[in-house]
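Input: a single structure, listed below in structure tokens.
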Amino acid sequence: MVVVSRQTLIDSRFSTVVCGPVYSAYHALATQVLIGIEEGLKHDSSIHCDELMSLPKSMLTNYVGSLSASKMRTLDQALLRALALPGAKSGKG
């Protein structure tokens, strides 16, 4: 899982955060973000922004890695696209 909630929510008293699941499958959709060894994972994977979910903070116990500024921008665009928000760049999927 990749936490996509803003820091204010993460630091708040609320018990849940919004996360994007990470899978080994990648279908080259504009709503998926490739991640891998550079981000601290053991193998190539992808964040699937079309499958966002709210999870209790207590379930997020194992910190694995982090995203570079460039990868964060890619994730931002994938989230905009997945949620059909203004500002999303055009792309497949």
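We name chains A, B, ... following the order of the structure tokens; residues begin at 1 in each chain, and ligands are numbered from 1 as shown.
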Leaving out Ser68 (chain A) and any residue of its chain fewer than 4 positions from it, which residues lie within 9 Å of it when counting only C-alpha atoms, given as a list in words?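 Returned residues: Glu38, Glu39, Met72 and Arg73 of chain A.
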Please identify which residues in region 2-82 of chain A DSSP calls helix (DSSP H, G or I) from the backbone, and express them as a PyMOL selection string. chain A and resi 7-11+37-39+49-51+57-59+69-82
Any chance you could export the current selection's C-alpha atoms as a PDB file, in the first residue's frame?
```
ATOM      1  CA  GLN A   7       0.051  14.824   5.721  1.00  0.00           C
ATOM      2  CA  THR A   8      -2.501  16.774   7.778  1.00  0.00           C
ATOM      3  CA  LEU A   9      -4.853  13.778   7.751  1.00  0.00           C
ATOM      4  CA  ILE A  10      -2.036  11.333   8.483  1.00  0.00           C
ATOM      5  CA  ASP A  11      -1.022  13.387  11.539  1.00  0.00           C
ATOM      6  CA  ILE A  37      13.849  -1.255  -6.418  1.00  0.00           C
ATOM      7  CA  GLU A  38      14.586   2.499  -6.549  1.00  0.00           C
ATOM      8  CA  GLU A  39      11.606   3.044  -4.236  1.00  0.00           C
ATOM      9  CA  CYS A  49      -4.928   4.522  -8.372  1.00  0.00           C
ATOM     10  CA  ASP A  50      -8.260   3.166  -9.656  1.00  0.00           C
ATOM     11  CA  GLU A  51      -8.510   1.006  -6.531  1.00  0.00           C
ATOM     12  CA  LYS A  57      -3.612   3.570  10.306  1.00  0.00           C
ATOM     13  CA  SER A  58      -2.985   0.644  12.654  1.00  0.00           C
ATOM     14  CA  MET A  59      -2.789  -1.711   9.638  1.00  0.00           C
ATOM     15  CA  ALA A  69       9.796  13.948  -6.257  1.00  0.00           C
ATOM     16  CA  SER A  70       9.487  12.850  -9.888  1.00  0.00           C
ATOM     17  CA  LYS A  71       7.575   9.699  -8.952  1.00  0.00           C
ATOM     18  CA  MET A  72       5.310  11.776  -6.672  1.00  0.00           C
ATOM     19  CA  ARG A  73       4.430  14.008  -9.646  1.00  0.00           C
ATOM     20  CA  THR A  74       3.598  10.890 -11.667  1.00  0.00           C
ATOM     21  CA  LEU A  75       1.439   9.622  -8.790  1.00  0.00           C
ATOM     22  CA  ASP A  76      -0.307  13.013  -8.565  1.00  0.00           C
ATOM     23  CA  GLN A  77      -1.201  12.818 -12.269  1.00  0.00           C
ATOM     24  CA  ALA A  78      -2.416   9.228 -11.932  1.00  0.00           C
ATOM     25  CA  LEU A  79      -4.647  10.243  -9.008  1.00  0.00           C
ATOM     26  CA  LEU A  80      -6.043  13.222 -10.933  1.00  0.00           C
ATOM     27  CA  ARG A  81      -6.806  10.897 -13.839  1.00  0.00           C
ATOM     28  CA  ALA A  82      -8.328   8.159 -11.668  1.00  0.00           C
TER      29      ALA A  82
END
```
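Proximity of A:Tyr26, A:Val3, A:Leu60, A:Ala84 to Ser46 (chain A), computed with only C-alpha atoms, is greatest for A:Tyr26.
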Run DSSP on the backbone and tell me which residues of region 37-82 of chain A come out as strand (DSSP E or B); list them as number ranges by chain. A: 45-48, 53-56
From CA of Arg6 (chain A) to CA of Lys42 (chain A) the spacing works out at 26.0 Å
- Message: What's around Gly20 (chain A) at 6 Å? Count only C-alpha atoms, leave out sequence neighbours fewer than 6 positions away in its own chain, and write the answer as a PyMOL selection string.
- Response: chain A and resi 1-2+48-49+52
Quick one: write out the picked residues with N, CA and C atoms as a PDB file, in the first residue's frame?
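Saved as selection_30.pdb:
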```
ATOM      1  N   MET A   1       0.830  -1.181   0.000  1.00  0.00           N
ATOM      2  CA  MET A   1       0.000   0.000   0.000  1.00  0.00           C
ATOM      3  C   MET A   1       0.874   1.244   0.000  1.00  0.00           C
ATOM      4  N   VAL A   2       0.382   2.239  -0.700  1.00  0.00           N
ATOM      5  CA  VAL A   2       1.018   3.556  -0.695  1.00  0.00           C
ATOM      6  C   VAL A   2       0.001   4.526  -0.115  1.00  0.00           C
ATOM      7  N   HIS A  48      -1.921   1.170  -8.123  1.00  0.00           N
ATOM      8  CA  HIS A  48      -3.167   1.190  -8.899  1.00  0.00           C
ATOM      9  C   HIS A  48      -4.114   2.237  -8.298  1.00  0.00           C
ATOM     10  N   CYS A  49      -4.139   3.407  -8.901  1.00  0.00           N
ATOM     11  CA  CYS A  49      -4.928   4.522  -8.372  1.00  0.00           C
ATOM     12  C   CYS A  49      -6.428   4.386  -8.619  1.00  0.00           C
ATOM     13  N   LEU A  52      -8.340   2.880  -4.992  1.00  0.00           N
ATOM     14  CA  LEU A  52      -8.068   3.519  -3.702  1.00  0.00           C
ATOM     15  C   LEU A  52      -8.979   2.968  -2.621  1.00  0.00           C
TER      16      LEU A  52
END
```
Shortest contact to Asp44 (chain A), candidates A:Ser24, A:Ser66, A:Ser5, A:Ser15, atoms counted only C-alpha atoms, goes to A:Ser24
Separating CA of Ala28 (chain A) from CA of Ile47 (chain A), to the nearest tenth of an Å, is a gap of 11.1 Å
Name the closest residue to Lys89 (chain A) among the candidates A:Ser45, A:Thr31, A:Ser12, A:Thr61; distances are taken between atoms, counting only C-alpha atoms.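 Once distances to Lys89 (chain A) are computed over only C-alpha atoms, the minimum belongs to A:Thr31.
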Discussion item. I'd like the neighbourhood of Leu41 (chain A) as a list in words, where a residue qualifies if any of its atoms comes within 9 Å (using only C-alpha atoms), though same-chain residues fewer than 6 positions away should be ignored.
Written reply: Ile35, Val64 and Gly65 of chain A
field: Distance in Å - CA of Met53 (chain A) versus CA of Pro86 (chain A)
entry: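 Between these atoms lies a distance of 21.3 Å.
Nearest residue to Ser54 (chain A), choosing from A:Val4, A:Leu67, A:Cys19, A:Phe14 and counting only C-alpha atoms: A:Cys19.
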